[in-house]
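Single-structure report; data block below.
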Amino acid sequence: MLKDLKTHCRNSIREHIFVDYVKILRQGYQDEETESCLESLEKGRNIEVIRVDRNVGRAPGRSLILLMATTLFIMTR
């Protein structure tokens with residue numbers, strides 16, 4: 001079930017994002033499946049995954065990625 005959701009999310013990002021560049025903040029530990037999904041997003045598209053070793057939380061994570069933002073769209077989890 002979770003694998004299907006991750007695949008759906010990855011495919012949705014690939015199909016529906018029509019901007020020049022996207023940065024995704026990945027916080028804390030991620031299992032191999034999630035990390036593999038994020039790595040596949042980075043291949044062949046203008047998507048960068050910014051990895052933070054620990055989970056800093058939603059609001060601090062947004063603040064962190066805002067400092068790095070060069071686009072109009074920001075995704076946080």
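Chain identifiers are assigned as A, B, and so on, following the order in which chains appear in the structure tokens; residues are numbered from 1 within each chain, and ligands are numbered from 1 in order of appearance.
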
What's the 12 Å shell around Leu67 in chain A, counting only C-alpha atoms, without same-chain residues fewer than 6 positions away, as a list in words? Lys23, Leu25, Pro60, Gly61 and Ile74 of chain A

Writing out the chosen residues with N, CA and C atoms as an mmCIF file, in the first residue's frame:
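Below is the file part07.cif, written as the result:
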data_model
loop_
_atom_site.group_PDB
_atom_site.id
_atom_site.type_symbol
_atom_site.label_atom_id
_atom_site.label_comp_id
_atom_site.auth_asym_id
_atom_site.auth_seq_id
_atom_site.Cartn_x
_atom_site.Cartn_y
_atom_site.Cartn_z
ATOM 1 N N LYS A 23 12.901 22.061 -5.815
ATOM 2 C CA LYS A 23 13.706 21.556 -4.701
ATOM 3 C C LYS A 23 12.766 20.887 -3.723
ATOM 4 N N LEU A 25 12.719 19.100 0.104
ATOM 5 C CA LEU A 25 13.468 18.912 1.353
ATOM 6 C C LEU A 25 13.098 17.561 1.946
ATOM 7 N N PRO A 60 10.508 24.819 10.811
ATOM 8 C CA PRO A 60 11.929 25.068 10.550
ATOM 9 C C PRO A 60 12.369 24.545 9.174
ATOM 10 N N GLY A 61 11.785 23.421 8.757
ATOM 11 C CA GLY A 61 12.107 22.883 7.431
ATOM 12 C C GLY A 61 11.696 23.836 6.322
ATOM 13 N N ILE A 74 7.551 25.517 -3.732
ATOM 14 C CA ILE A 74 8.339 24.796 -2.730
ATOM 15 C C ILE A 74 7.461 23.684 -2.167
#

Leaving out range 27-31 of chain A and any residue of its chain fewer than 5 positions from it, which residues lie within 7 Å of it when counting only C-alpha atoms, given as a list in words?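 Once the adjacent positions are removed, what remains is Arg51, Val52, Asp53, Arg54, Asn55 and Val56 of chain A.
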
When distances are computed from only C-alpha atoms, which of A:Ala59, A:Ala69, A:Leu41, A:Val49 shows the smallest separation from Ser12 in chain A?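 Counting only C-alpha atoms, the residue closest to Ser12 in chain A is A:Leu41.
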
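Look at Thr34 in chain A: the protein and nucleic acid residues within 9 Å of it, using only C-alpha atoms and passing over chain neighbours fewer than 4 places away, are Lys3, Lys6, Gln30, Leu38 and Glu39 of chain A.
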
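Using only C-alpha atoms, the shortest contact distance between Met68 in chain A and any of A:Ser40, A:Ile24, A:Thr7, A:Glu33 is found at A:Ile24.
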
With distances taken over only C-alpha atoms, which of A:Ile50, A:Glu42, A:Arg26, A:Arg58 is nearest to Arg10 in chain A?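 Looking at the shortest contact to Arg10 in chain A, the residue is A:Glu42.
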
Determine the nearest neighbour of Thr70 in chain A from the options A:Arg14, A:Gly57, A:Leu5, A:Glu48, counting only C-alpha atoms.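 For Thr70 in chain A, the nearest of the given residues is A:Glu48.
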